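Enquirer: Data file work-v4.csv (CSV, C-alpha atoms and all ligand atoms) is appended below.
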chain,number,residue,atom,x,y,z
A,71,MET,CA,172.0,134.6,-29.5
A,72,THR,CA,174.8,137.2,-29.5
A,73,GLU,CA,174.8,137.6,-25.8
A,74,ASN,CA,175.0,133.8,-25.1
A,75,LYS,CA,177.6,133.4,-27.7
A,76,ALA,CA,179.8,136.2,-26.2
A,77,ARG,CA,179.4,134.8,-22.7
A,78,LYS,CA,180.4,131.3,-23.9
A,79,LYS,CA,183.4,132.8,-25.5
A,80,ALA,CA,184.4,134.5,-22.3
A,81,ILE,CA,183.8,131.2,-20.4
A,82,ARG,CA,185.8,129.2,-22.9
A,83,GLU,CA,188.7,131.7,-22.7
A,84,ARG,CA,188.7,131.3,-18.9
A,85,MET,CA,188.6,127.5,-19.2
A,86,ALA,CA,191.6,127.7,-21.5
A,87,LYS,CA,193.5,130.0,-19.1
A,88,THR,CA,192.6,128.3,-15.8
A,89,GLY,CA,191.9,124.8,-16.8
A,90,GLU,CA,188.6,125.0,-14.9
A,91,PRO,CA,185.7,122.9,-16.2
A,92,TYR,CA,182.9,124.8,-18.0
A,93,SER,CA,180.5,125.0,-15.0
A,94,VAL,CA,183.2,126.3,-12.6
A,95,ALA,CA,184.5,128.9,-15.1
A,96,ARG,CA,180.9,130.1,-15.7
A,97,ARG,CA,180.2,130.4,-12.0
A,98,ARG,CA,183.5,132.2,-11.2
A,99,LEU,CA,182.9,134.7,-14.0
A,100,ALA,CA,179.4,135.4,-12.9
A,101,GLU,CA,180.5,135.8,-9.3
A,102,GLN,CA,183.3,138.2,-10.3
A,103,ALA,CA,180.9,140.2,-12.4
A,104,THR,CA,178.4,140.7,-9.5
A,105,GLU,CA,181.0,141.3,-6.8
A,106,SER,CA,183.0,143.9,-8.5
A,107,ALA,CA,180.2,145.6,-10.4
A,108,PRO,CA,176.7,145.3,-9.2
A,109,GLU,CA,174.8,145.7,-12.4
A,110,ARG,CA,172.1,148.3,-13.0
A,111,THR,CA,168.9,147.0,-14.7
A,112,PRO,CA,170.1,145.8,-18.1
A,113,VAL,CA,168.4,147.0,-21.3
A,114,PRO,CA,165.7,144.3,-21.9
A,115,LEU,CA,166.4,141.8,-24.7
A,116,GLN,CA,164.2,140.2,-27.3
A,117,ASP,CA,160.8,140.0,-25.8
A,118,ASP,CA,160.2,143.8,-25.9
A,119,LEU,CA,161.2,144.0,-29.6
A,120,ALA,CA,159.3,141.1,-31.1
A,121,ASP,CA,157.7,142.9,-34.0
A,122,PRO,CA,159.3,146.3,-33.9
A,123,THR,CA,157.8,149.5,-35.1
A,124,GLY,CA,159.8,152.8,-35.6
A,125,GLU,CA,158.6,153.9,-32.2
A,126,ASP,CA,159.9,150.8,-30.6
A,127,ILE,CA,163.3,151.3,-32.2
A,128,ALA,CA,163.5,154.9,-31.0
A,129,ALA,CA,162.4,153.9,-27.4
A,130,TYR,CA,164.9,151.0,-27.4
A,131,ALA,CA,167.7,153.2,-28.7
A,132,ARG,CA,167.0,155.8,-25.9
A,133,LEU,CA,167.2,153.0,-23.3
A,134,LEU,CA,170.5,151.9,-24.7
A,135,LEU,CA,171.8,155.5,-24.8
A,136,GLU,CA,170.9,155.9,-21.2
A,137,ARG,CA,172.8,152.8,-20.4
A,138,LEU,CA,175.9,153.9,-22.3
A,139,ARG,CA,175.8,157.3,-20.5
A,140,THR,CA,176.1,155.4,-17.2
A,141,ARG,CA,179.0,153.4,-18.6
A,142,ARG,CA,181.1,156.4,-19.4
A,143,PRO,CA,182.5,156.9,-15.8
A,144,GLU,CA,183.6,153.3,-15.8
A,145,ALA,CA,186.7,154.4,-17.8
A,146,ALA,CA,188.2,155.1,-14.4
A,147,ARG,CA,187.8,151.5,-13.2
A,148,PRO,CA,190.8,149.2,-13.2
A,149,ASP,CA,188.9,146.8,-15.4
A,150,CYS,CA,189.0,149.5,-18.1
A,151,ARG,CA,192.4,148.8,-19.7
A,152,HIS,CA,192.3,151.4,-22.4
A,153,PRO,CA,190.3,154.3,-20.9
A,154,TRP,CA,190.9,156.6,-23.9
A,155,GLU,CA,189.7,154.1,-26.5
A,156,PHE,CA,186.8,153.2,-24.2
A,157,THR,CA,185.6,156.7,-23.8
A,158,ARG,CA,186.1,157.5,-27.5
A,159,ALA,CA,184.1,154.4,-28.5
A,160,ILE,CA,181.3,155.1,-26.0
A,161,ASP,CA,181.0,158.7,-27.3
A,162,ALA,CA,181.0,157.5,-30.9
A,163,ALA,CA,178.3,154.9,-30.1
A,164,MET,CA,176.2,157.6,-28.4
A,165,ALA,CA,176.6,160.0,-31.3
A,166,ALA,CA,175.4,157.3,-33.7
A,167,GLY,CA,172.5,156.4,-31.3
A,168,LEU,CA,171.3,160.1,-31.2
A,169,ASP,CA,171.5,160.2,-34.9
A,170,LEU,CA,169.5,157.0,-35.2
A,171,VAL,CA,166.8,158.4,-32.8
A,172,ASP,CA,166.6,161.6,-34.9
A,173,GLN,CA,166.2,159.6,-38.2
A,174,VAL,CA,163.7,157.1,-36.8
A,175,THR,CA,161.5,159.8,-35.1
A,176,ALA,CA,161.5,161.7,-38.4
A,177,GLY,CA,160.1,158.5,-40.0
A,178,ASN,CA,163.3,157.6,-41.9
A,179,VAL,CA,164.0,154.0,-41.2
A,180,GLY,CA,166.0,153.3,-44.3
A,181,PRO,CA,169.5,152.0,-45.0
A,182,GLN,CA,171.1,155.0,-43.3
A,183,ALA,CA,169.3,154.2,-40.0
A,184,VAL,CA,170.5,150.6,-40.3
A,185,LYS,CA,174.0,151.9,-40.9
A,186,ARG,CA,173.8,154.2,-37.8
A,187,ALA,CA,172.6,151.3,-35.7
A,188,THR,CA,175.4,149.1,-37.0
A,189,HIS,CA,178.0,151.8,-36.2
A,190,LEU,CA,176.6,152.1,-32.7
A,191,ALA,CA,176.9,148.4,-32.1
A,192,GLU,CA,180.4,148.2,-33.5
A,193,GLN,CA,181.5,151.0,-31.2
A,194,VAL,CA,179.9,149.4,-28.2
A,195,GLN,CA,181.9,146.3,-29.1
A,196,THR,CA,185.1,148.4,-29.4
A,197,ALA,CA,184.4,149.8,-26.0
A,198,GLN,CA,184.0,146.3,-24.6
A,199,ARG,CA,187.3,145.3,-26.1
A,200,ALA,CA,189.0,148.1,-24.2
A,201,THR,CA,187.9,146.4,-20.9
A,202,VAL,CA,188.9,143.2,-19.1
A,203,ASN,CA,187.6,140.9,-16.4
A,204,ALA,CA,184.2,141.7,-14.8
A,205,LEU,CA,183.6,144.9,-16.7
A,206,ASN,CA,184.2,143.1,-20.0
A,207,PHE,CA,181.9,140.3,-18.9
A,208,ASN,CA,179.1,142.8,-17.9
A,209,MET,CA,179.4,144.6,-21.2
A,210,VAL,CA,178.5,141.5,-23.1
A,211,HIS,CA,174.9,142.5,-22.4
A,212,ASP,CA,175.4,146.0,-23.9
A,213,VAL,CA,176.9,144.5,-27.0
A,214,ALA,CA,174.0,142.0,-27.3
A,215,ALA,CA,171.4,144.9,-26.8
A,216,ALA,CA,173.2,147.0,-29.4
A,217,TYR,CA,173.1,144.2,-32.0
A,218,LEU,CA,169.4,143.5,-31.2
A,219,LEU,CA,168.9,147.2,-32.0
A,220,VAL,CA,170.6,146.6,-35.4
A,221,ARG,CA,168.3,143.6,-36.1
A,222,GLY,CA,165.3,145.5,-35.0
A,223,THR,CA,166.1,148.5,-37.1
A,224,ARG,CA,166.5,146.2,-40.2
A,225,ALA,CA,163.3,144.4,-39.3
A,226,VAL,CA,161.4,147.8,-39.4
A,227,GLN,CA,163.2,148.8,-42.6
A,228,GLN,CA,162.2,145.5,-44.3
A,229,GLY,CA,158.8,145.4,-42.7
A,230,ARG,CA,159.4,141.9,-41.4
A,231,CYS,CA,159.4,140.0,-38.1
A,232,LEU,CA,162.6,140.3,-36.0
A,233,LEU,CA,163.7,136.8,-36.9
A,234,GLY,CA,163.2,137.4,-40.6
A,235,GLN,CA,165.1,140.7,-40.7
A,236,ALA,CA,167.9,139.4,-42.9
A,237,ALA,CA,165.8,136.9,-44.9
A,238,PRO,CA,165.0,137.3,-48.6
A,239,THR,CA,161.5,135.9,-48.1
A,240,ASP,CA,158.3,137.7,-46.8
A,241,CYS,CA,156.7,136.9,-43.5
A,242,SER,CA,153.9,134.4,-43.4
A,243,PRO,CA,150.4,136.0,-43.1
A,244,ASP,CA,149.8,134.2,-39.8
A,245,PRO,CA,150.2,136.9,-37.0
A,246,GLY,CA,151.4,134.3,-34.5
A,247,ARG,CA,155.0,134.5,-33.3
A,248,VAL,CA,157.4,131.8,-32.1
A,249,ARG,CA,161.1,131.5,-31.3
A,250,LEU,CA,163.3,128.4,-31.7
A,251,ARG,CA,165.1,126.9,-28.7
A,252,ILE,CA,168.4,125.4,-29.8
A,253,HIS,CA,169.8,122.8,-27.5
A,254,ASP,CA,173.4,122.0,-27.7
A,255,ALA,CA,176.1,120.5,-25.4
A,256,PHE,CA,176.3,123.6,-23.3
A,257,GLY,CA,172.5,124.1,-22.7
A,258,HIS,CA,170.1,126.1,-24.9
A,259,GLU,CA,169.8,129.4,-26.6
A,260,ASP,CA,166.6,131.1,-28.0
A,261,THR,CA,166.5,132.8,-31.3
A,262,ASP,CA,164.7,136.1,-32.0
A,263,SER,CA,161.0,135.8,-32.2
A,264,GLY,CA,159.5,135.4,-35.7
A,265,CYS,CA,156.7,134.3,-38.0
A,266,LEU,CA,156.0,130.8,-39.1
A,267,GLN,CA,157.9,131.1,-42.3
A,268,HIS,CA,161.1,132.6,-40.8
A,269,ALA,CA,161.0,130.2,-37.8
A,270,ALA,CA,160.8,127.3,-40.2
A,271,GLU,CA,163.7,128.7,-42.3
A,272,GLU,CA,165.7,129.1,-39.2
A,273,TRP,CA,164.8,125.5,-38.3
A,274,THR,CA,166.5,124.2,-41.5
A,275,ARG,CA,169.6,126.3,-40.8
A,276,TRP,CA,170.2,124.6,-37.4
A,277,ASP,CA,169.0,121.1,-38.2
A,278,HIS,CA,172.2,119.3,-39.2
A,279,GLY,CA,171.7,116.4,-36.9
A,280,GLY,CA,174.4,115.6,-34.4
A,281,GLU,CA,174.4,117.3,-31.0
A,282,VAL,CA,171.9,120.1,-31.8
A,283,THR,CA,168.2,119.6,-31.2
A,284,LEU,CA,165.4,122.1,-31.8
A,285,GLU,CA,162.2,123.1,-30.2
A,286,ALA,CA,159.7,125.7,-31.2
A,287,ILE,CA,158.5,127.9,-28.3
A,288,GLY,CA,155.1,129.6,-28.7
A,289,PRO,CA,151.4,128.9,-29.1
A,290,ALA,CA,151.1,125.1,-29.3
A,291,THR,CA,149.5,124.9,-32.7
A,292,LEU,CA,152.0,127.3,-34.2
A,293,ALA,CA,155.0,125.6,-32.6
A,294,ALA,CA,153.8,122.3,-34.2
A,295,ALA,CA,153.3,124.0,-37.5
A,296,VAL,CA,156.9,125.4,-37.4
A,297,ALA,CA,158.4,122.0,-36.7
A,298,GLU,CA,156.4,120.5,-39.5
A,299,LEU,CA,157.2,123.2,-42.0
A,300,GLY,CA,160.8,123.1,-40.9
A,301,GLU,CA,161.0,119.4,-41.6
A,302,GLN,CA,159.3,119.9,-44.9
A,303,LEU,CA,161.8,122.6,-46.0
A,304,ARG,CA,164.6,120.3,-45.0
A,305,ALA,CA,163.2,117.4,-47.0
A,306,GLU,CA,162.8,119.6,-50.0
A,307,ARG,CA,166.4,120.6,-49.6
A,308,THR,CA,167.5,117.0,-49.5
A,309,ARG,CA,165.3,116.2,-52.5
A,310,ALA,CA,166.8,119.1,-54.5
A,311,ASP,CA,170.2,117.3,-54.0
A,312,ASP,CA,169.2,114.2,-55.9
A,313,THR,CA,167.3,115.7,-58.8
A,314,SER,CA,168.9,115.6,-62.2
A,315,THR,CA,169.2,119.3,-62.7
A,316,GLY,CA,172.9,118.9,-63.0
A,317,THR,CA,173.5,120.9,-59.8
A,318,VAL,CA,173.4,120.2,-56.1
A,319,THR,CA,172.1,122.9,-53.7
A,320,LEU,CA,173.1,123.0,-50.1
A,321,TYR,CA,174.0,125.6,-47.5
A,322,GLY,CA,177.3,127.2,-46.8
A,323,THR,CA,177.1,125.8,-43.3
A,324,ASP,CA,177.2,122.3,-44.9
A,325,LEU,CA,180.6,123.1,-46.4
A,326,GLY,CA,182.4,124.6,-43.4
A,327,ASP,CA,182.7,127.8,-41.3
A,328,SER,CA,180.7,130.8,-42.3
A,329,ILE,CA,182.2,133.2,-44.8
A,330,GLU,CA,180.0,136.1,-43.7
A,331,ASP,CA,181.3,136.2,-40.2
A,332,GLN,CA,181.4,139.5,-38.4
A,333,ASP,CA,184.0,138.1,-35.9
A,334,LEU,CA,186.3,137.3,-38.7
A,335,ILE,CA,186.2,140.9,-40.0
A,336,ASN,CA,186.3,142.5,-36.5
A,337,ASN,CA,189.2,140.4,-35.2
A,338,GLY,CA,191.0,140.6,-38.5
A,339,LEU,CA,191.0,144.4,-38.4
A,340,TRP,CA,191.6,144.8,-34.7
A,341,ASN,CA,194.5,142.4,-34.6
A,342,ARG,CA,196.3,144.5,-37.3
A,343,GLU,CA,195.2,148.1,-36.7
A,344,GLY,CA,198.2,149.0,-34.4
A,345,THR,CA,198.0,151.8,-31.8
A,346,TYR,CA,196.5,155.2,-32.4
A,347,GLY,CA,199.1,157.9,-32.9
A,348,GLN,CA,202.0,155.4,-33.1
A,349,PRO,CA,204.0,154.6,-36.3
A,350,ASP,CA,202.2,151.2,-36.6
A,351,ALA,CA,198.7,152.8,-36.7
A,352,ALA,CA,196.5,152.1,-39.6
A,353,LEU,CA,193.8,154.5,-38.6
A,354,CYS,CA,194.0,158.2,-37.8
A,355,GLU,CA,192.4,159.4,-34.7
A,356,GLU,CA,189.1,160.5,-36.2
A,357,GLU,CA,188.7,157.5,-38.4
A,358,ASN,CA,186.8,154.2,-37.9
A,359,TRP,CA,186.7,151.0,-39.9
A,360,ASP,CA,183.9,150.9,-42.3
A,361,TYR,CA,182.9,147.3,-41.3
A,362,VAL,CA,180.1,147.2,-43.8
A,363,ALA,CA,182.4,148.1,-46.7
A,364,VAL,CA,185.0,145.6,-45.6
A,365,MET,CA,182.4,142.8,-45.2
A,366,ASN,CA,180.8,143.5,-48.6
A,367,ALA,CA,184.2,143.4,-50.2
A,368,TRP,CA,185.3,140.2,-48.5
A,369,CYS,CA,182.0,138.4,-49.4
A,370,ALA,CA,182.4,139.6,-53.0
A,371,HIS,CA,186.0,138.4,-53.1
A,372,ALA,CA,185.0,135.0,-51.5
A,373,ALA,CA,182.2,134.6,-54.0
A,374,ALA,CA,184.5,135.3,-56.9
A,375,GLN,CA,187.0,132.8,-55.6
A,376,LEU,CA,184.4,130.1,-55.2
A,377,ALA,CA,183.0,130.8,-58.7
A,378,ARG,CA,186.3,129.9,-60.2
A,379,ASP,CA,185.6,126.3,-59.1
A,380,GLY,CA,182.0,126.5,-60.4
A,381,ILE,CA,180.6,127.0,-56.9
A,382,VAL,CA,177.9,129.6,-56.7
A,383,TRP,CA,177.4,131.1,-53.2
A,384,ASP,CA,174.4,133.3,-52.5
A,385,ARG,CA,175.3,135.5,-49.6
A,386,ASN,CA,171.6,136.5,-48.9
A,387,THR,CA,170.4,132.9,-48.4
A,388,ASP,CA,173.8,131.2,-47.7
A,389,LYS,CA,172.7,128.8,-50.4
A,390,VAL,CA,175.4,127.1,-52.4
A,391,THR,CA,175.0,125.6,-55.8
A,392,LEU,CA,177.5,123.1,-57.1
A,393,PRO,CA,177.8,121.3,-60.4
A,394,ALA,CA,176.6,117.7,-59.8
A,395,THR,CA,180.0,116.6,-61.0
A,396,LEU,CA,181.8,118.3,-58.1
A,397,PRO,CA,181.9,116.1,-55.0
A,398,VAL,CA,180.7,117.9,-51.9
A,399,SER,CA,183.9,116.9,-50.1
A,400,GLU,CA,185.9,118.8,-52.8
A,401,ALA,CA,183.7,121.8,-52.6
A,402,ALA,CA,184.3,121.8,-48.9
A,403,LEU,CA,188.1,121.9,-49.5
A,404,THR,CA,187.7,124.8,-51.9
A,405,TRP,CA,185.5,126.5,-49.3
A,406,GLN,CA,188.2,126.1,-46.7
A,407,ARG,CA,190.9,127.3,-49.0
A,408,VAL,CA,188.9,130.5,-49.6
A,409,LEU,CA,188.5,131.0,-45.8
A,410,ASP,CA,192.3,130.3,-45.4
A,411,GLY,CA,192.9,133.2,-47.8
A,412,PHE,CA,191.2,135.6,-45.4
A,413,ASP,CA,194.3,136.6,-43.5
A,414,ALA,CA,196.2,137.6,-46.6
A,415,TRP,CA,193.1,139.5,-47.9
A,416,ILE,CA,192.5,141.5,-44.8
A,417,THR,CA,196.2,142.2,-44.4
A,418,ARG,CA,196.0,143.9,-47.8
A,419,VAL,CA,193.1,146.0,-46.7
A,420,VAL,CA,194.9,147.1,-43.5
A,421,ASP,CA,198.1,147.8,-45.4
A,422,GLU,CA,196.3,150.0,-47.8
A,423,VAL,CA,194.7,151.9,-45.0
A,424,ARG,CA,198.1,152.3,-43.3
A,425,ASP,CA,199.5,153.6,-46.5
A,426,GLY,CA,197.1,156.5,-46.4
A,427,VAL,CA,197.8,157.6,-42.8
A,428,GLY,CA,200.4,160.1,-44.0
A,429,ARG,CA,197.9,161.8,-46.3
A,430,ALA,CA,195.6,162.8,-43.4
A,431,GLU,CA,194.6,166.5,-43.2
A,432,PRO,CA,195.3,168.5,-40.1
A,433,ASP,CA,191.9,167.5,-38.8
A,434,ASP,CA,193.2,163.9,-38.8
A,435,ILE,CA,191.0,162.7,-41.6
A,436,ARG,CA,192.5,161.5,-44.9
A,437,PRO,CA,191.1,162.8,-48.2
A,438,ASP,CA,188.7,160.7,-50.2
A,439,ASP,CA,191.3,159.9,-52.8
A,440,ALA,CA,193.9,158.8,-50.3
A,441,PRO,CA,194.8,155.1,-50.0
A,442,GLY,CA,192.5,153.2,-47.7
A,443,ALA,CA,189.7,155.9,-47.7
A,444,ARG,CA,187.2,153.3,-49.1
A,445,TRP,CA,187.7,151.2,-45.9
A,446,ILE,CA,187.0,153.8,-43.3
A,447,THR,CA,184.4,156.1,-42.0
A,448,TYR,CA,184.8,159.2,-39.8
A,449,SER,CA,184.0,159.5,-36.2
A,450,THR,CA,180.9,161.6,-35.5
A,451,ALA,CA,181.9,162.2,-31.9
B,501,ZN,ZN,158.8,136.7,-40.6
Represent the supplied structure as structure tokens.

Expert:
Amino acid sequence: MTENKARKKAIRERMAKTGEPYSVARRRLAEQATESAPERTPVPLQDDLADPTGEDIAAYARLLLERLRTRRPEAARPDCRHPWEFTRAIDAAMAAGLDLVDQVTAGNVGPQAVKRATHLAEQVQTAQRATVNALNFNMVHDVAAAYLLVRGTRAVQQGRCLLGQAAPTDCSPDPGRVRLRIHDAFGHEDTDSGCLQHAAEEWTRWDHGGEVTLEAIGPATLAAAVAELGEQLRAERTRADDTSTGTVTLYGTDLGDSIEDQDLINNGLWNREGTYGQPDAALCEEENWDYVAVMNAWCAHAAAQLARDGIVWDRNTDKVTLPATLPVSEAALTWQRVLDGFDAWITRVVDEVRDGVGRAEPDDIRPDDAPGARWITYSTA
């Protein structure tokens, strides 16, 4: 999903810049990418990590590390616009990856391992941001592979199928695995592979009518069962809306854009962070954003804002419960108002971090009690 999404974003950006239609922009980008940088074999995606074990995670992390090592000299390419940031991020990603391999091979696949994998992925994304044109386009795959590693690590930690890594429910006992194919106006994308239960849950998440259609890919009987269970879950959800419990339950996606949106956090921080070493810098050189802390705080803030209007949002399931007296259209307005408050909220986060820059020690790391310390981590590079 991530890879396709990032590619589409690059394609849409080119469309906006050049006015080319979608198909032309996609072809030109792909041509540029292969002309200027013949790609080495990419790190495989999805299929090789269907039901990951700790060994799979370690092996996959090693592949990704190997890949990042070959990326390092690309700092010298013209497509690398910020070589220093690029190298720094690649090194930080590799340090996190080595740490992850150590933990996983020692049998520790816990929250710390997930955190290391997340840090790795964020740094790969930071490295990609330091590039333009073909190198940027090619690194989309690295970013996708890194986020697959995050999902895989969490799946091992939770003891679940890959698709169900973030779900609050257990896997179905059936060992069969399917993935969903989501068709939209631009073509189709496949989800991670997962069990019957989690594929059906994913089905309800996408099935909002309109231009999206769904297909289950896998053994025929299982694919049919997923479609059936998906429809059943959806019907239950609709029924829950008309019961006289005094509340209406729906999903955040029914009310508007996602509140738990990593792009929102990433772009919000990156657009404001300033330049390392310059007076406008929010971070010191050895510091990184603690994306997990920022996301957790943002979600808690959003949930609290929603609660003031009687709207209960469960971040884990993205389920939203409304008092039956509150029209869905009004809840959607509240939802949008909370999202509109994001800019002001994240500005306060960055301002606090900026306030603490002057308190950094000679090793360029602020003390724990300095302003902004709760929003940052330290580079392990
Ligand atoms: Zn599952």

Enquirer: Closest to Val94 of chain A among A:His371, A:Ala129, A:Ala166, A:Arg82, using all atoms listed in the file?

Expert: A:Arg82

Enquirer: Atom CA of His253 of chain A and atom CA of Ala295 of chain A are how many Å apart?

Expert: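 Value for the atom CA of His253 of chain A-atom CA of Ala295 of chain A distance: 19.3 Å.
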
Enquirer: Could you work out how far atom CA of Ala237 of chain A lies from atom CA of Ile446 of chain A, giving the answer in Å with one decimal?

Expert: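 Result for atom CA of Ile446 of chain A versus atom CA of Ala237 of chain A: 27.2 Å, one decimal.
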
Enquirer: For each of A:Gln198, A:Arg137, A:Arg247, A:Ala162, take the minimum atom-to-atom distance to ligand ZN 501 (chain B), counting all atoms listed in the file, then give the residue where this is smallest.

Expert: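 For ligand ZN 501 (chain B), the nearest of the candidates is A:Arg247.
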
Enquirer: Distance limit 10 Å, reference ligand ZN 501 (chain B), atoms considered: only C-alpha atoms and all ligand atoms. Which residues make the cut? Give them as a count of residues only.

Expert: 30

Enquirer: Using all atoms listed in the file, determine which residues lie at most 12 Å from Val362 of chain A, disregarding the query and same-chain residues fewer than 2 positions distant; provide the list as a PyMOL selection string.

Expert: chain A and resi 181-182+184-189+192+330-332+335-336+358-360+364-369+444-447

Enquirer: Pick the closest to Val318 of chain A from A:Leu134, A:Ile160, A:Val398, A:Ala294: which is it, counting all atoms listed in the file?

Expert: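 The answer is A:Val398, which sits nearest to Val318 of chain A.
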
Enquirer: If you count all atoms listed in the file, which residues fall within 6 Å of Phe156 of chain A, apart from same-chain ones fewer than 2 positions away, as a list of chain:residue names?

Expert: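 Counting all atoms listed in the file, the residues come to A:Pro153, A:Trp154, A:Arg158, A:Ala159, A:Ala197, A:Ala200.
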
Enquirer: What is the atom CA of Asp425 of chain A-atom CA of Gly411 of chain A distance in Å, reported with one decimal?

Expert: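 That distance, rounded to one decimal, is 21.5 Å.
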
Enquirer: For a quick check of understanding, using only C-alpha atoms, which of A:Glu357, A:Asp333, A:Asp324, A:Asp410 has the smallest distance to Arg307 of chain A?

Expert: A:Asp324

Enquirer: List as a PyMOL selection string the protein and nucleic acid residues near Leu396 of chain A, meaning an atom at most 10 Å away when all atoms listed in the file are counted, but skip any in the same chain fewer than 6 places from it.

Expert: chain A and resi 317-318+379-381

Enquirer: For Pro349 of chain A, which of A:Ala440, A:Ala305, A:Val427, A:Met209 is the closest residue, counting all atoms listed in the file?

Expert: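 Checking each candidate against Pro349 of chain A, we get A:Val427 as the closest.
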
Enquirer: With all atoms listed in the file as the atoms that count, which of A:Leu219, A:Ala131, A:Cys150, A:Ala443 lies nearest to Asp169 of chain A?

Expert: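 Checking each candidate against Asp169 of chain A, we get A:Ala131 as the closest.
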
Enquirer: When you look at Gly344 of chain A with a cut-off of 10 Å (counting all atoms listed in the file), what residues show up, excluding the ones that are within fewer than 6 positions of it in the same chain? I need them as a PDB file with C-alpha atoms, keeping the file's coordinate frame.

Expert:
ATOM      1  CA  ASP A 350     202.200 151.200 -36.600  1.00  0.00           C
ATOM      2  CA  ALA A 351     198.700 152.800 -36.700  1.00  0.00           C
ATOM      3  CA  ALA A 352     196.500 152.100 -39.600  1.00  0.00           C
ATOM      4  CA  LEU A 353     193.800 154.500 -38.600  1.00  0.00           C
ATOM      5  CA  VAL A 420     194.900 147.100 -43.500  1.00  0.00           C
ATOM      6  CA  ARG A 424     198.100 152.300 -43.300  1.00  0.00           C
TER       7      ARG A 424
END

Enquirer: Residues at most 10 Å from Trp383 of chain A, counting only C-alpha atoms, excluding those fewer than 5 positions away in the same chain, as a PDB file with C-alpha atoms, in the coordinates of the input?

Expert:
ATOM      1  CA  THR A 319     172.100 122.900 -53.700  1.00  0.00           C
ATOM      2  CA  LEU A 320     173.100 123.000 -50.100  1.00  0.00           C
ATOM      3  CA  TYR A 321     174.000 125.600 -47.500  1.00  0.00           C
ATOM      4  CA  GLY A 322     177.300 127.200 -46.800  1.00  0.00           C
ATOM      5  CA  ILE A 329     182.200 133.200 -44.800  1.00  0.00           C
ATOM      6  CA  CYS A 369     182.000 138.400 -49.400  1.00  0.00           C
ATOM      7  CA  ALA A 370     182.400 139.600 -53.000  1.00  0.00           C
ATOM      8  CA  ALA A 372     185.000 135.000 -51.500  1.00  0.00           C
ATOM      9  CA  ALA A 373     182.200 134.600 -54.000  1.00  0.00           C
ATOM     10  CA  ALA A 374     184.500 135.300 -56.900  1.00  0.00           C
ATOM     11  CA  LEU A 376     184.400 130.100 -55.200  1.00  0.00           C
ATOM     12  CA  ALA A 377     183.000 130.800 -58.700  1.00  0.00           C
ATOM     13  CA  ASP A 388     173.800 131.200 -47.700  1.00  0.00           C
ATOM     14  CA  LYS A 389     172.700 128.800 -50.400  1.00  0.00           C
ATOM     15  CA  VAL A 390     175.400 127.100 -52.400  1.00  0.00           C
ATOM     16  CA  THR A 391     175.000 125.600 -55.800  1.00  0.00           C
ATOM     17  CA  LEU A 392     177.500 123.100 -57.100  1.00  0.00           C
TER      18      LEU A 392
END
